[in-house]
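*Asks:* Input: one structure, supplied below.
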Amino acid sequence: DTGVSQNPRHKITKRGQNVTFRCDPISEHNRLYWYRQTLGQGPEFLTYFQNEAQLEKSRLLSDRFSAERPKGSFSTLEIQRTEQGDSAMYLCASSLRSVSGKGAGELFFGEGSRLTVL
Amino acid sequence: DQQVKQNSPSLSVQEGRISILNCDYTNSMFDYFLWYKKYPAEGPTFLISISSIKDKNEDGRFTVFLNKSAKHLSLHIVPSQPGDSAVYFCAASENSGGYQKVTFGIGTKLQVIP
């Protein structure tokens, strides 16, 4: 399978604990995105990497959230001191084309990591 | 501040008929518009897109129409099939510092009744 891979698929944790999610993008894709989706909402942008550089972060990404993409391959999203409001599906996507033209905006999503904070 | 709006949370259509999903946007800087399809327990998958300089793009049973003056787009599925039952997200992208930033609507759940 050469699609975007995310793990774990499900994580249940107690409030205050730290959690980490991993995303393995499609191997030739240099651009990687994290989105968050809550019930009844569409995916909301969290952050964007081009290779290993984190180029944009949403104001939704509080200081308890940190994302990395060492060596420009896989990425991790860590949430420290989780709160119940962090419960959501965390989606990772990757893309190759990003500038204007055919394929612009076409993202390849993983199946997501569902977080439940008790 | 929802820049991409899908005002119909759900839609039911008989198999074989046309499904029309609507979407409105507010940001004039969007240069591409896309539709994604999502099945339960899966991530969204790209379906079809249209450049802001065009008014129609067709791919098999799926056609997207763009009315730029009204800031409105729609997805037509003809004929609808039970396998089309899914959540459809309207999305729009803009060039943001050298990459395409994609903004999603809240989705419309389509049910195609056999």
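Ordering of the structure tokens sets the chain letters (A, B, ...), residue numbers begin anew at 1 in every chain, and ligands are numbered from 1 in the order given.
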Please, which residues in chain B fall within 12 Å of chain A when counting only C-alpha atoms, and what is the closest atom pair and distance in Å to one decimal for each, ordered by chain then residue number, as a Markdown table?
*Replies:*
| residue | atom | partner | partner_atom | distance |
| --- | --- | --- | --- | --- |
| B:Gln2 | CA | A:Gly42 | CA | 10.6 |
| B:Gln3 | CA | A:Glu44 | CA | 11.7 |
| B:Val4 | CA | A:Gly42 | CA | 9.9 |
| B:Lys5 | CA | A:Gly42 | CA | 10.1 |
| B:Gln6 | CA | A:Gly42 | CA | 10.0 |
| B:Pro9 | CA | A:Gly40 | CA | 8.8 |
| B:Ser10 | CA | A:Gly40 | CA | 11.3 |
| B:Phe30 | CA | A:Gly105 | CA | 10.4 |
| B:Asp31 | CA | A:Ser100 | CA | 8.0 |
| B:Tyr32 | CA | A:Ala104 | CA | 6.9 |
| B:Phe33 | CA | A:Gly105 | CA | 8.0 |
| B:Leu34 | CA | A:Gly105 | CA | 7.5 |
| B:Trp35 | CA | A:Glu106 | CA | 9.5 |
| B:Tyr36 | CA | A:Glu106 | CA | 9.2 |
| B:Lys37 | CA | A:Phe109 | CA | 11.1 |
| B:Lys38 | CA | A:Glu111 | CA | 10.0 |
| B:Tyr39 | CA | A:Glu111 | CA | 10.1 |
| B:Pro40 | CA | A:Glu111 | CA | 9.7 |
| B:Ala41 | CA | A:Glu111 | CA | 6.8 |
| B:Glu42 | CA | A:Glu111 | CA | 4.6 |
| B:Gly43 | CA | A:Glu111 | CA | 4.2 |
| B:Pro44 | CA | A:Phe109 | CA | 6.1 |
| B:Thr45 | CA | A:Phe108 | CA | 6.7 |
| B:Phe46 | CA | A:Glu106 | CA | 6.4 |
| B:Leu47 | CA | A:Glu106 | CA | 9.1 |
| B:Ile48 | CA | A:Glu106 | CA | 9.0 |
| B:Ser49 | CA | A:Gly103 | CA | 8.0 |
| B:Ile50 | CA | A:Lys102 | CA | 8.9 |
| B:Ser51 | CA | A:Lys102 | CA | 8.2 |
| B:Ser52 | CA | A:Ser100 | CA | 10.8 |
| B:Ile53 | CA | A:Gly101 | CA | 11.2 |
| B:Val87 | CA | A:Gly42 | CA | 10.0 |
| B:Tyr88 | CA | A:Gly42 | CA | 9.7 |
| B:Phe89 | CA | A:Gly42 | CA | 7.1 |
| B:Cys90 | CA | A:Gly42 | CA | 9.0 |
| B:Ala91 | CA | A:Gly105 | CA | 8.6 |
| B:Ala92 | CA | A:Gly105 | CA | 7.6 |
| B:Ser93 | CA | A:Gly105 | CA | 5.6 |
| B:Glu94 | CA | A:Gly105 | CA | 8.1 |
| B:Asn95 | CA | A:Val99 | CA | 7.0 |
| B:Ser96 | CA | A:Glu56 | CA | 9.3 |
| B:Gly97 | CA | A:Leu55 | CA | 8.7 |
| B:Gly98 | CA | A:Val99 | CA | 6.6 |
| B:Tyr99 | CA | A:Ser98 | CA | 5.2 |
| B:Gln100 | CA | A:Ser98 | CA | 5.3 |
| B:Lys101 | CA | A:Gly105 | CA | 7.0 |
| B:Val102 | CA | A:Gly105 | CA | 6.0 |
| B:Thr103 | CA | A:Glu44 | CA | 7.2 |
| B:Phe104 | CA | A:Gly42 | CA | 5.7 |
| B:Gly105 | CA | A:Gly42 | CA | 5.4 |
| B:Ile106 | CA | A:Gly42 | CA | 4.0 |
| B:Gly107 | CA | A:Gly42 | CA | 6.1 |
| B:Thr108 | CA | A:Gly40 | CA | 9.8 |
| B:Lys109 | CA | A:Gly40 | CA | 10.3 |
*Asks:* Can you tell me how far CA of Pro114 in chain B sits from CA of Gln14 in chain B, in Å to one decimal?
*Replies:*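 Between CA of Pro114 in chain B and CA of Gln14 in chain B the gap works out to 6.3 Å.
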*Asks:* Take CA of Gly60 in chain B and CA of Ile77 in chain B and report the distance between them in Å, one decimal.
*Replies:* 9.0 Å
*Asks:* So how far away is CA of Met29 in chain B from CA of Leu73 in chain B, in Å?
*Replies:*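 Distance between the two atoms: 15.1 Å.
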*Asks:* Restricting the calculation to only C-alpha atoms, which member of A:Thr2, A:Thr20, A:Asn30, A:Asn7 is positioned closest to Leu96 in chain A?
*Replies:*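 Closest candidate: A:Asn30.
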*Asks:* Quick one: residues within 9 Å of His76 in chain B, only C-alpha atoms, excluding same-chain residues fewer than 3 positions away - as a CSV table (one decimal) with N, CA, C and O atoms, in the first residue's frame?
*Replies:*
chain,number,residue,atom,x,y,z
B,18,ILE,N,-30.7,12.5,-10.5
B,18,ILE,CA,-29.5,13.5,-10.4
B,18,ILE,C,-29.4,13.9,-8.9
B,18,ILE,O,-30.4,14.2,-8.2
B,19,SER,N,-28.1,14.0,-8.4
B,19,SER,CA,-27.8,14.5,-7.1
B,19,SER,C,-27.2,15.9,-7.4
B,19,SER,O,-26.2,16.0,-8.2
B,20,ILE,N,-27.6,16.9,-6.7
B,20,ILE,CA,-27.0,18.2,-6.8
B,20,ILE,C,-26.6,18.7,-5.5
B,20,ILE,O,-27.4,18.9,-4.6
B,21,LEU,N,-25.3,18.9,-5.3
B,21,LEU,CA,-24.8,19.4,-4.0
B,21,LEU,C,-24.3,20.8,-4.2
B,21,LEU,O,-23.6,21.1,-5.2
B,22,ASN,N,-24.6,21.7,-3.3
B,22,ASN,CA,-24.3,23.1,-3.5
B,22,ASN,C,-23.3,23.6,-2.5
B,22,ASN,O,-23.1,23.0,-1.4
B,61,ARG,N,-19.6,10.6,-14.5
B,61,ARG,CA,-20.9,11.0,-14.0
B,61,ARG,C,-20.9,12.3,-13.1
B,61,ARG,O,-21.9,12.7,-12.7
B,62,PHE,N,-19.7,12.8,-12.9
B,62,PHE,CA,-19.6,14.0,-12.0
B,62,PHE,C,-19.2,15.2,-12.8
B,62,PHE,O,-18.4,15.2,-13.7
B,63,THR,N,-20.0,16.3,-12.6
B,63,THR,CA,-19.8,17.6,-13.2
B,63,THR,C,-19.8,18.7,-12.1
B,63,THR,O,-20.7,18.7,-11.3
B,64,VAL,N,-18.8,19.5,-12.2
B,64,VAL,CA,-18.8,20.7,-11.3
B,64,VAL,C,-19.0,21.9,-12.1
B,64,VAL,O,-18.4,22.1,-13.1
B,65,PHE,N,-19.9,22.8,-11.6
B,65,PHE,CA,-20.2,24.0,-12.2
B,65,PHE,C,-19.8,25.2,-11.2
B,65,PHE,O,-20.0,25.1,-10.0
*Asks:* Let's see if you can do this: from backbone DSSP, list all strand (DSSP E or B) residues in range 51-104 of chain B, as JSON, numbers by chain.
*Replies:* {"B": [51, 56, 57, 58, 59, 62, 63, 64, 65, 66, 67, 72, 73, 74, 75, 76, 77, 86, 87, 88, 89, 90, 91, 92, 93, 94, 95, 96, 99, 100, 101, 102, 103, 104]}
